[in-house]
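Undergrad: Below is the file protein10.tsv, with TSV, C-alpha atoms.
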```
chain	number	residue	atom	x	y	z
A	1	MET	CA	-84.61	59.22	-144.43
A	2	SER	CA	-80.84	59.38	-144.37
A	3	LYS	CA	-78.52	56.38	-144.56
A	4	ARG	CA	-77.57	56.98	-140.96
A	5	PHE	CA	-81.08	56.02	-139.83
A	6	LEU	CA	-81.48	53.11	-142.20
A	7	ALA	CA	-78.39	51.25	-141.11
A	8	PRO	CA	-79.63	50.34	-137.59
A	9	VAL	CA	-83.00	49.28	-139.01
A	10	PHE	CA	-81.35	46.82	-141.35
A	11	ALA	CA	-79.20	45.55	-138.54
A	12	MET	CA	-82.33	44.92	-136.46
A	13	VAL	CA	-84.12	43.05	-139.23
A	14	GLY	CA	-81.06	40.91	-139.76
A	15	GLY	CA	-80.99	40.15	-136.05
A	16	LEU	CA	-84.62	39.07	-136.06
A	17	VAL	CA	-84.15	36.72	-138.98
A	18	LEU	CA	-81.19	35.16	-137.22
A	19	ALA	CA	-83.16	34.78	-134.00
A	20	PHE	CA	-86.02	33.01	-135.80
A	21	SER	CA	-83.87	30.56	-137.66
A	22	ALA	CA	-81.98	29.79	-134.45
A	23	ASN	CA	-85.27	28.97	-132.70
A	24	ALA	CA	-86.19	26.42	-135.33
A	25	ASP	CA	-83.02	24.41	-134.85
A	26	PRO	CA	-83.06	21.52	-132.40
A	27	VAL	CA	-81.46	22.55	-129.09
A	28	ASP	CA	-78.15	21.16	-127.92
A	29	GLU	CA	-79.23	20.03	-124.44
A	30	GLU	CA	-79.25	16.86	-122.38
A	31	LEU	CA	-82.52	15.32	-121.22
A	32	VAL	CA	-82.41	13.50	-117.89
A	33	ILE	CA	-85.60	12.13	-116.35
A	34	ASP	CA	-85.53	10.67	-112.82
A	35	ASP	CA	-81.73	10.46	-113.05
A	36	ILE	CA	-81.96	8.40	-116.25
A	37	PRO	CA	-80.15	10.03	-119.20
A	38	MET	CA	-82.21	9.96	-122.40
A	39	VAL	CA	-80.78	9.41	-125.84
A	40	THR	CA	-82.27	12.30	-127.81
A	41	ARG	CA	-79.78	12.11	-130.69
A	42	ALA	CA	-78.73	8.82	-132.25
A	43	ALA	CA	-76.86	7.72	-135.35
A	44	ALA	CA	-79.47	6.75	-137.93
A	45	PRO	CA	-79.82	3.08	-138.93
A	46	GLU	CA	-78.69	2.03	-142.40
A	47	GLY	CA	-81.04	3.12	-145.15
A	48	HIS	CA	-82.36	6.09	-143.14
A	49	PRO	CA	-82.78	9.43	-144.97
A	50	PHE	CA	-81.14	11.37	-142.09
A	51	ASP	CA	-77.65	10.96	-140.65
A	52	GLU	CA	-78.94	11.55	-137.14
A	53	VAL	CA	-82.33	10.82	-135.62
A	54	LEU	CA	-83.61	13.50	-133.25
A	55	SER	CA	-86.18	13.34	-130.47
A	56	GLY	CA	-89.07	15.79	-130.78
A	57	TRP	CA	-88.07	17.03	-127.30
A	58	LEU	CA	-85.17	18.94	-128.91
A	59	PHE	CA	-87.60	21.02	-130.97
A	60	ARG	CA	-89.84	22.17	-128.13
A	61	GLU	CA	-89.93	25.42	-126.14
A	62	ALA	CA	-87.88	25.63	-122.95
A	63	GLU	CA	-90.96	25.39	-120.68
A	64	THR	CA	-92.24	22.30	-122.47
A	65	ARG	CA	-88.81	20.66	-122.25
A	66	GLU	CA	-88.61	21.41	-118.52
A	67	THR	CA	-92.04	19.93	-117.86
A	68	GLU	CA	-91.00	16.65	-119.46
A	69	ALA	CA	-87.70	16.59	-117.58
A	70	ASP	CA	-89.49	16.78	-114.20
A	71	SER	CA	-91.53	13.60	-113.78
A	72	PHE	CA	-93.50	15.26	-110.98
A	73	ALA	CA	-94.58	18.25	-113.04
A	74	ASN	CA	-95.27	16.07	-116.11
A	75	PRO	CA	-99.07	15.70	-116.22
A	76	GLY	CA	-98.60	12.58	-118.36
A	77	MET	CA	-97.50	10.81	-115.19
A	78	LEU	CA	-101.12	10.98	-114.03
A	79	ALA	CA	-101.98	8.61	-116.87
A	80	VAL	CA	-99.04	6.38	-115.95
A	81	GLU	CA	-100.29	6.20	-112.34
A	82	ARG	CA	-103.79	5.43	-113.57
A	83	GLY	CA	-102.26	2.67	-115.70
A	84	ALA	CA	-100.62	1.21	-112.59
A	85	ASP	CA	-104.04	1.01	-110.92
A	86	ILE	CA	-105.49	-0.78	-113.96
A	87	TRP	CA	-102.51	-3.17	-114.02
A	88	ASN	CA	-103.56	-4.40	-110.57
A	89	THR	CA	-107.33	-4.42	-111.16
A	90	VAL	CA	-109.07	-7.72	-111.80
A	91	GLU	CA	-111.32	-7.68	-114.86
A	92	GLY	CA	-113.07	-10.29	-116.98
A	93	SER	CA	-114.45	-13.80	-116.50
A	94	ALA	CA	-111.10	-15.40	-115.63
A	95	GLY	CA	-110.81	-13.25	-112.50
A	96	LYS	CA	-107.36	-12.00	-113.42
A	97	SER	CA	-105.54	-8.69	-113.55
A	98	CYS	CA	-102.42	-7.95	-115.60
A	99	ALA	CA	-100.44	-8.48	-112.40
A	100	SER	CA	-101.88	-12.00	-111.90
A	101	CYS	CA	-99.61	-13.25	-114.70
A	102	HIS	CA	-97.01	-10.53	-115.12
A	103	ASP	CA	-96.44	-9.61	-111.44
A	104	ASP	CA	-94.51	-6.38	-111.03
A	105	ALA	CA	-94.44	-4.42	-114.27
A	106	ALA	CA	-91.19	-2.72	-113.22
A	107	THR	CA	-89.54	-6.12	-113.74
A	108	SER	CA	-91.71	-7.98	-116.24
A	109	MET	CA	-92.27	-5.04	-118.59
A	110	LYS	CA	-88.84	-3.45	-118.27
A	111	SER	CA	-87.63	-2.38	-121.74
A	112	VAL	CA	-90.43	-4.39	-123.39
A	113	GLY	CA	-92.18	-1.38	-124.92
A	114	ALA	CA	-88.99	-0.36	-126.73
A	115	GLN	CA	-89.21	-3.48	-128.93
A	116	TYR	CA	-92.74	-2.98	-130.22
A	117	PRO	CA	-94.33	-3.30	-132.77
A	118	LYS	CA	-93.55	-7.02	-133.03
A	119	TRP	CA	-94.83	-9.76	-135.30
A	120	ASP	CA	-98.01	-11.54	-134.22
A	121	ALA	CA	-97.77	-15.05	-135.68
A	122	ASP	CA	-101.42	-15.82	-134.80
A	123	ALA	CA	-102.92	-12.78	-136.48
A	124	LYS	CA	-100.23	-12.70	-139.23
A	125	ARG	CA	-99.78	-8.95	-138.83
A	126	PRO	CA	-97.76	-6.57	-136.64
A	127	ILE	CA	-98.89	-6.10	-133.07
A	128	ASN	CA	-98.37	-2.99	-130.95
A	129	ILE	CA	-98.80	-2.46	-127.20
A	130	GLU	CA	-102.47	-1.53	-127.49
A	131	LEU	CA	-103.29	-4.67	-129.51
A	132	GLN	CA	-101.13	-6.82	-127.22
A	133	ILE	CA	-103.15	-5.57	-124.24
A	134	ASP	CA	-106.38	-6.42	-126.07
A	135	LYS	CA	-105.07	-9.88	-126.97
A	136	CYS	CA	-104.28	-10.53	-123.30
A	137	ARG	CA	-107.66	-9.21	-122.21
A	138	VAL	CA	-109.59	-11.40	-124.65
A	139	GLU	CA	-107.51	-14.60	-124.54
A	140	ASN	CA	-106.31	-14.67	-120.95
A	141	MET	CA	-108.59	-12.45	-118.88
A	142	GLY	CA	-111.93	-13.06	-120.56
A	143	ALA	CA	-112.44	-9.30	-120.75
A	144	GLU	CA	-113.65	-7.06	-123.55
A	145	PRO	CA	-111.02	-5.48	-125.79
A	146	TYR	CA	-110.69	-1.72	-125.31
A	147	LYS	CA	-112.40	0.69	-127.67
A	148	PHE	CA	-109.83	2.80	-129.52
A	149	ASP	CA	-108.46	5.54	-127.26
A	150	ALA	CA	-110.52	4.42	-124.26
A	151	GLU	CA	-109.10	6.07	-121.15
A	152	GLY	CA	-107.92	2.68	-119.86
A	153	GLN	CA	-106.21	1.77	-123.11
A	154	VAL	CA	-104.16	4.95	-123.20
A	155	ALA	CA	-103.32	4.81	-119.48
A	156	LEU	CA	-102.24	1.16	-119.54
A	157	THR	CA	-100.22	1.64	-122.72
A	158	SER	CA	-98.50	4.66	-121.13
A	159	TYR	CA	-97.77	2.66	-117.97
A	160	ILE	CA	-96.28	-0.27	-119.91
A	161	LYS	CA	-94.19	1.93	-122.20
A	162	HIS	CA	-93.01	3.99	-119.22
A	163	GLN	CA	-91.29	0.85	-117.90
A	164	SER	CA	-88.90	1.31	-120.86
A	165	LEU	CA	-88.06	4.92	-119.97
A	166	GLY	CA	-84.57	5.54	-121.31
A	167	THR	CA	-84.31	2.26	-123.25
A	168	PRO	CA	-83.40	2.89	-126.90
A	169	VAL	CA	-86.02	1.88	-129.47
A	170	LYS	CA	-84.97	-1.31	-131.22
A	171	MET	CA	-87.29	-3.38	-133.36
A	172	ASP	CA	-86.45	-6.75	-134.87
A	173	LEU	CA	-87.47	-6.43	-138.53
A	174	SER	CA	-86.46	-10.05	-139.22
A	175	ASP	CA	-89.35	-11.12	-136.98
A	176	GLY	CA	-92.04	-12.80	-139.17
A	177	GLU	CA	-93.04	-10.62	-142.09
A	178	LEU	CA	-92.24	-7.30	-140.41
A	179	GLN	CA	-89.85	-6.36	-143.22
A	180	ASP	CA	-92.72	-6.49	-145.76
A	181	TRP	CA	-94.83	-4.27	-143.53
A	182	TRP	CA	-91.86	-1.91	-143.18
A	183	GLU	CA	-91.77	-1.61	-147.00
A	184	LYS	CA	-95.49	-0.96	-147.06
A	185	GLY	CA	-95.14	1.66	-144.32
A	186	LYS	CA	-92.30	3.34	-146.18
A	187	GLU	CA	-94.42	3.57	-149.31
A	188	LEU	CA	-97.23	5.20	-147.31
A	189	TYR	CA	-94.77	7.60	-145.66
A	190	TYR	CA	-93.77	8.99	-149.04
A	191	THR	CA	-97.23	8.93	-150.66
A	192	ARG	CA	-98.90	12.32	-150.96
A	193	THR	CA	-102.56	12.32	-149.90
A	194	GLY	CA	-105.41	14.69	-149.20
A	195	GLN	CA	-106.55	18.00	-150.64
A	196	LEU	CA	-103.30	19.58	-149.45
A	197	ASN	CA	-101.32	16.83	-151.16
A	198	PHE	CA	-98.85	16.15	-148.35
A	199	ALA	CA	-96.93	13.01	-147.56
A	200	CYS	CA	-95.53	12.40	-144.05
A	201	ALA	CA	-92.15	13.19	-145.56
A	202	SER	CA	-93.31	16.61	-146.83
A	203	CYS	CA	-93.32	17.91	-143.26
A	204	HIS	CA	-91.18	15.57	-141.19
A	205	GLU	CA	-88.37	15.05	-143.67
A	206	ASP	CA	-88.30	17.88	-146.23
A	207	SER	CA	-89.40	20.63	-143.81
A	208	MET	CA	-88.04	19.34	-140.50
A	209	GLY	CA	-87.35	22.26	-138.11
A	210	LYS	CA	-89.54	24.75	-139.97
A	211	TYR	CA	-92.33	26.66	-138.25
A	212	ILE	CA	-95.88	25.56	-139.12
A	213	ARG	CA	-99.23	25.74	-137.34
A	214	ALA	CA	-97.57	27.60	-134.44
A	215	ASP	CA	-95.14	24.75	-133.88
A	216	HIS	CA	-91.73	23.60	-135.03
A	217	LEU	CA	-91.82	20.50	-137.21
A	218	SER	CA	-89.84	17.67	-135.71
A	219	GLN	CA	-88.82	14.43	-137.36
A	220	GLY	CA	-92.16	12.99	-136.23
A	221	GLN	CA	-90.69	10.30	-134.01
A	222	ALA	CA	-92.80	7.75	-132.14
A	223	ASN	CA	-90.53	7.25	-129.12
A	224	GLY	CA	-92.50	9.45	-126.69
A	225	PHE	CA	-96.00	8.08	-127.29
A	226	PRO	CA	-98.51	8.10	-125.73
A	227	THR	CA	-97.68	11.76	-125.27
A	228	TYR	CA	-99.14	14.47	-123.03
A	229	ARG	CA	-100.23	17.47	-125.09
A	230	PHE	CA	-100.90	20.91	-123.62
A	231	ASN	CA	-103.07	21.51	-126.68
A	232	THR	CA	-105.73	19.06	-125.49
A	233	GLY	CA	-104.73	18.77	-121.83
A	234	GLY	CA	-104.63	15.02	-122.20
A	235	MET	CA	-102.82	11.99	-123.54
A	236	VAL	CA	-102.50	11.41	-127.27
A	237	SER	CA	-101.90	7.91	-128.60
A	238	LEU	CA	-99.75	7.24	-131.66
A	239	HIS	CA	-102.67	6.25	-133.89
A	240	ASN	CA	-104.61	9.29	-132.72
A	241	ARG	CA	-101.63	11.42	-133.80
A	242	PHE	CA	-101.36	9.59	-137.14
A	243	ARG	CA	-105.04	10.25	-137.78
A	244	GLY	CA	-104.64	13.89	-136.70
A	245	CYS	CA	-101.78	14.42	-139.15
A	246	ILE	CA	-103.71	12.77	-141.97
A	247	ARG	CA	-106.79	14.87	-141.13
A	248	ASP	CA	-104.61	17.99	-141.35
A	249	THR	CA	-103.70	17.07	-144.94
A	250	ARG	CA	-107.48	16.90	-145.56
A	251	ALA	CA	-107.34	13.26	-146.53
A	252	GLU	CA	-109.65	10.43	-145.53
A	253	MET	CA	-108.38	8.96	-142.26
A	254	PRO	CA	-107.65	5.24	-142.03
A	255	LYS	CA	-109.06	3.52	-138.93
A	256	ALA	CA	-106.83	3.11	-135.88
A	257	PHE	CA	-104.90	-0.20	-135.98
A	258	SER	CA	-105.88	-0.69	-139.66
A	259	ASP	CA	-103.32	-2.33	-141.97
A	260	GLU	CA	-102.26	1.09	-143.25
A	261	LEU	CA	-101.60	2.57	-139.83
A	262	MET	CA	-99.93	-0.59	-138.48
A	263	ALA	CA	-97.55	-0.52	-141.46
A	264	LEU	CA	-96.92	3.15	-140.79
A	265	GLU	CA	-96.27	2.43	-137.11
A	266	VAL	CA	-93.67	-0.21	-138.05
A	267	TYR	CA	-91.90	2.18	-140.41
A	268	VAL	CA	-92.12	5.34	-138.26
A	269	THR	CA	-90.97	3.48	-135.14
A	270	TRP	CA	-87.98	2.17	-137.08
A	271	ARG	CA	-87.12	5.73	-138.12
A	272	GLY	CA	-86.58	6.47	-134.43
A	273	THR	CA	-84.24	3.52	-133.83
A	274	GLY	CA	-81.77	4.32	-131.09
A	275	LEU	CA	-83.83	7.07	-129.39
A	276	SER	CA	-84.82	6.47	-125.78
A	277	VAL	CA	-88.44	5.72	-124.99
A	278	GLU	CA	-89.67	8.96	-123.36
A	279	THR	CA	-93.25	7.93	-122.55
A	280	PRO	CA	-95.00	10.03	-121.41
A	281	ALA	CA	-93.32	12.76	-123.47
A	282	VAL	CA	-94.68	16.32	-123.18
A	283	ARG	CA	-95.49	18.26	-126.33
A	284	GLN	CA	-97.41	21.44	-127.01
B	1	MET	CA	-109.59	12.63	-117.50
B	2	ALA	CA	-112.82	11.03	-116.53
B	3	ALA	CA	-111.37	9.33	-113.45
B	4	ALA	CA	-111.83	10.87	-109.98
B	5	PRO	CA	-109.41	13.71	-109.26
B	6	LYS	CA	-106.21	12.44	-107.74
B	7	PRO	CA	-103.81	14.74	-105.92
B	8	ARG	CA	-100.04	14.32	-105.99
B	9	VAL	CA	-97.70	16.25	-103.73
B	10	LYS	CA	-93.96	16.37	-103.31
B	11	VAL	CA	-92.56	17.41	-99.94
B	12	PRO	CA	-89.00	16.76	-98.75
B	13	LYS	CA	-88.90	14.07	-96.03
B	14	THR	CA	-86.49	16.00	-93.85
B	15	ALA	CA	-85.29	19.58	-93.40
B	16	LYS	CA	-83.12	21.65	-91.10
B	17	ALA	CA	-84.86	23.98	-88.62
B	18	GLY	CA	-85.65	27.26	-90.35
B	19	GLU	CA	-85.03	25.84	-93.81
B	20	VAL	CA	-87.10	27.03	-96.76
B	21	VAL	CA	-88.41	23.99	-98.58
B	22	LEU	CA	-89.96	23.70	-102.03
B	23	LEU	CA	-93.42	22.13	-102.23
B	24	LYS	CA	-94.92	20.85	-105.47
B	25	THR	CA	-98.53	19.86	-106.02
B	26	LEU	CA	-100.56	18.57	-108.94
B	27	ILE	CA	-104.13	17.34	-109.14
B	28	SER	CA	-105.78	15.56	-112.05
B	29	HIS	CA	-108.87	17.55	-112.96
B	30	GLU	CA	-110.58	18.44	-116.23
B	31	MET	CA	-111.12	22.15	-115.20
B	32	GLU	CA	-114.18	22.51	-117.42
B	33	SER	CA	-114.44	26.27	-117.93
B	34	GLY	CA	-118.21	26.56	-118.42
B	35	GLN	CA	-117.66	28.38	-121.69
B	36	ARG	CA	-117.57	25.42	-124.04
B	37	LYS	CA	-120.51	23.85	-125.83
B	38	ASP	CA	-121.23	20.20	-126.52
B	39	LYS	CA	-122.15	18.72	-129.93
B	40	ASP	CA	-125.78	19.83	-129.55
B	41	GLY	CA	-124.84	23.42	-128.74
B	42	ASN	CA	-125.62	23.19	-125.01
B	43	ILE	CA	-123.20	24.79	-122.60
B	44	ILE	CA	-121.09	22.26	-120.72
B	45	PRO	CA	-121.51	23.25	-117.06
B	46	ARG	CA	-118.53	24.72	-115.27
B	47	LYS	CA	-116.63	22.29	-113.05
B	48	ILE	CA	-113.31	23.49	-111.76
B	49	ILE	CA	-111.20	23.42	-108.65
B	50	ASN	CA	-111.97	26.88	-107.27
B	51	LYS	CA	-109.70	27.00	-104.23
B	52	PHE	CA	-106.42	25.49	-103.21
B	53	SER	CA	-104.78	25.80	-99.83
B	54	CYS	CA	-101.95	24.39	-97.77
B	55	GLU	CA	-101.59	24.28	-93.99
B	56	PHE	CA	-98.66	23.33	-91.81
B	57	ASN	CA	-99.58	22.10	-88.33
B	58	GLY	CA	-102.88	23.95	-88.60
B	59	GLU	CA	-101.36	27.23	-89.76
B	60	GLN	CA	-102.07	28.48	-93.28
B	61	VAL	CA	-99.01	28.50	-95.51
B	62	PHE	CA	-100.51	29.15	-98.93
B	63	SER	CA	-103.95	29.72	-100.34
B	64	CYS	CA	-105.40	30.84	-103.64
B	65	ASP	CA	-108.67	31.16	-105.49
B	66	ILE	CA	-108.72	29.61	-108.93
B	67	ASP	CA	-110.72	30.85	-111.91
B	68	PRO	CA	-111.82	29.16	-115.14
B	69	ALA	CA	-108.78	30.28	-117.14
B	70	ILE	CA	-106.56	27.81	-115.27
B	71	SER	CA	-105.84	24.81	-117.46
B	72	ALA	CA	-106.53	21.15	-116.75
B	73	ASN	CA	-104.51	19.35	-114.06
B	74	PRO	CA	-103.51	22.48	-112.10
B	75	TYR	CA	-99.95	22.52	-110.80
B	76	PHE	CA	-98.74	24.70	-107.93
B	77	GLU	CA	-95.24	25.11	-106.66
B	78	PHE	CA	-94.37	27.29	-103.66
B	79	SER	CA	-91.95	27.51	-100.74
B	80	ALA	CA	-92.45	27.37	-97.01
B	81	LYS	CA	-90.18	27.86	-94.02
B	82	VAL	CA	-90.23	24.98	-91.53
B	83	ASN	CA	-89.15	25.45	-87.91
B	84	GLU	CA	-90.45	22.19	-86.47
B	85	SER	CA	-91.47	18.69	-87.49
B	86	GLY	CA	-95.04	18.33	-88.61
B	87	ALA	CA	-97.37	17.73	-91.51
B	88	PHE	CA	-98.35	19.73	-94.56
B	89	LYS	CA	-102.02	19.38	-95.34
B	90	PHE	CA	-103.16	20.25	-98.85
B	91	SER	CA	-106.76	20.72	-99.94
B	92	TRP	CA	-108.49	21.38	-103.23
B	93	VAL	CA	-112.14	22.52	-103.33
B	94	ASP	CA	-114.24	21.45	-106.31
B	95	ASP	CA	-117.23	23.37	-107.71
B	96	ASP	CA	-119.48	20.46	-106.74
B	97	GLY	CA	-118.44	20.90	-103.11
B	98	SER	CA	-116.05	17.94	-102.98
B	99	VAL	CA	-112.81	18.54	-101.13
B	100	TYR	CA	-109.75	16.50	-102.11
B	101	THR	CA	-106.97	16.36	-99.55
B	102	ASP	CA	-103.49	15.00	-99.13
B	103	GLU	CA	-101.04	15.11	-96.25
B	104	GLN	CA	-97.26	14.73	-96.06
B	105	LYS	CA	-95.04	14.69	-93.00
B	106	ILE	CA	-91.72	16.41	-92.73
B	107	GLU	CA	-89.12	15.81	-90.04
B	108	VAL	CA	-86.91	18.62	-88.80
B	109	LYS	CA	-83.47	17.39	-87.80
```
Spell out the structure here as structure tokens.

TA:
Amino acid sequence: MSKRFLAPVFAMVGGLVLAFSANADPVDEELVIDDIPMVTRAAAPEGHPFDEVLSGWLFREAETRETEADSFANPGMLAVERGADIWNTVEGSAGKSCASCHDDAATSMKSVGAQYPKWDADAKRPINIELQIDKCRVENMGAEPYKFDAEGQVALTSYIKHQSLGTPVKMDLSDGELQDWWEKGKELYYTRTGQLNFACASCHEDSMGKYIRADHLSQGQANGFPTYRFNTGGMVSLHNRFRGCIRDTRAEMPKAFSDELMALEVYVTWRGTGLSVETPAVRQ
Amino acid sequence: MAAAPKPRVKVPKTAKAGEVVLLKTLISHEMESGQRKDKDGNIIPRKIINKFSCEFNGEQVFSCDIDPAISANPYFEFSAKVNESGAFKFSWVDDDGSVYTDEQKIEVK
């Protein structure tokens, strides 16, 4: 083969490599949902390994990004609507619904989800939306707590977090002993586990943007959870995702809402400080 | 999605005579393909929406048959020309014979 033929081949290969690396980079686009602009890039808080925190939305394919941007096409909104029904449904021995005390969630729950996890002084551990719902059900409604990932738990959590759509994530680490749990979560984030010997940071920090398992690795932010996934055709809660990631490293999975995963939720949520709540986000 | 299928539709409230409007529909449905097996190796029976159609004032605007390859929560988007005020009627037919319907009015100004 002469040089004349080789030159275009090399040019083509070069072009392909460029195209692939370009795909892996987060896109430079604005996300607006129901006329609310979302913060998908924010200056990282002090002590953060990155300069800028990025929403996972920026790493997704164009079709996936479009589906999230249109709240009608977003199948996650079905869960939000289901959550609205549950909000108004009376359950338990006290004859109350969520609405009996909290009235209209659009007012009472506005921007509330963006501040969780918080410190639960009674239980002396962090509390997230799911556990807060259970606490209300047991203490105020006389109802059973939800089983992990029960349809109602995911729907109601999605509905409550959706009331913070657009609100930047901001936790108060000075609340109770949250700072200690943050430290614990940070330690877990950087601890390698499993047969594959991966820490959270191996993928979401060291390899952010790279292509793995037919997907681009994002920073692993929590701001869009519960999230609709095309993969399963359903909603995925944060602790479900944590367990899924840990399973993929072939490690033993901690239980949902265990001390380990609550510490991880505190730390991972903090890593997304400043990003808008996108619940229900759409991912592949 | 274990809950009963719930349709959602989006139709503009008003239009000009002769305008082509965009209609969007989504229904929550598991769309069980009939090709999966449960933990014990038994086939999970097929249960899908097998037909979707849309009428405007009794006249068919859009219709399609749906097969098992369509994913959960099927979404359809199509256009229709409206010459007069009236109502769009949407219906989804389930394998078990259930028909889920929704209706939205549109006013021609």

Undergrad: From the set A:Gln219, A:Val268, A:Ile86, A:Thr157, which residue has the shortest atom-to-atom contact distance to Ser207 (chain A), counting all atoms listed in the file?

TA: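 Selected residue with least distance to Ser207 (chain A): A:Gln219.
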
Undergrad: In the coordinates of the file, take the point (-103.1, 5.0, -133.2) and a cut-off of 12 Å; then, counting all atoms listed in the file, name each qualifying protein, DNA or RNA residue as a ChimeraX atom specification.

TA: /A:127-131,147-150,153-154,157,222,225-227,235-246,253-266

Undergrad: What are the residues of chain B lining chain A at 9 Å or less? Count all atoms listed in the file, and put the answer as a short mmCIF file (atom, residue, chain, number, x, y, z; two decimals) with C-alpha atoms, in the coordinates of the input.

TA:
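Below is the file out25.cif, written as the result:
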```
data_model
loop_
_atom_site.label_atom_id
_atom_site.label_comp_id
_atom_site.auth_asym_id
_atom_site.auth_seq_id
_atom_site.Cartn_x
_atom_site.Cartn_y
_atom_site.Cartn_z
CA MET B 1 -109.59 12.63 -117.50
CA ALA B 2 -112.82 11.03 -116.53
CA ALA B 3 -111.37 9.33 -113.45
CA LYS B 6 -106.21 12.44 -107.74
CA ARG B 8 -100.04 14.32 -105.99
CA VAL B 9 -97.70 16.25 -103.73
CA LYS B 10 -93.96 16.37 -103.31
CA LYS B 24 -94.92 20.85 -105.47
CA THR B 25 -98.53 19.86 -106.02
CA LEU B 26 -100.56 18.57 -108.94
CA ILE B 27 -104.13 17.34 -109.14
CA SER B 28 -105.78 15.56 -112.05
CA GLU B 30 -110.58 18.44 -116.23
CA SER B 71 -105.84 24.81 -117.46
CA ALA B 72 -106.53 21.15 -116.75
CA ASN B 73 -104.51 19.35 -114.06
CA TYR B 75 -99.95 22.52 -110.80
#
```

Undergrad: Residues near Glu55 (chain B), anyone? I mean within 10 Å using only C-alpha atoms, not counting same-chain ones fewer than 5 positions away, as a list in words.

TA: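 The residues satisfying every condition are Gln60, Val61, Phe62, Ser63, Ala87, Phe88, Lys89, Phe90, Ser91 and Glu103 of chain B.
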
Undergrad: To one decimal place in Å, what is the distance between CA of Lys13 (chain B) and CA of Pro37 (chain A)?

TA: 25.1 Å

Undergrad: May I ask for the distance between CA of Glu183 (chain A) and CA of His204 (chain A), given in Å to one decimal place?

TA: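 A separation of 18.1 Å between them.
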
Undergrad: With only C-alpha atoms as the atoms that count, which of A:Asp122, A:Pro49, A:Thr249, A:Lys161 lies nearest to Thr191 (chain A)?

TA: A:Thr249
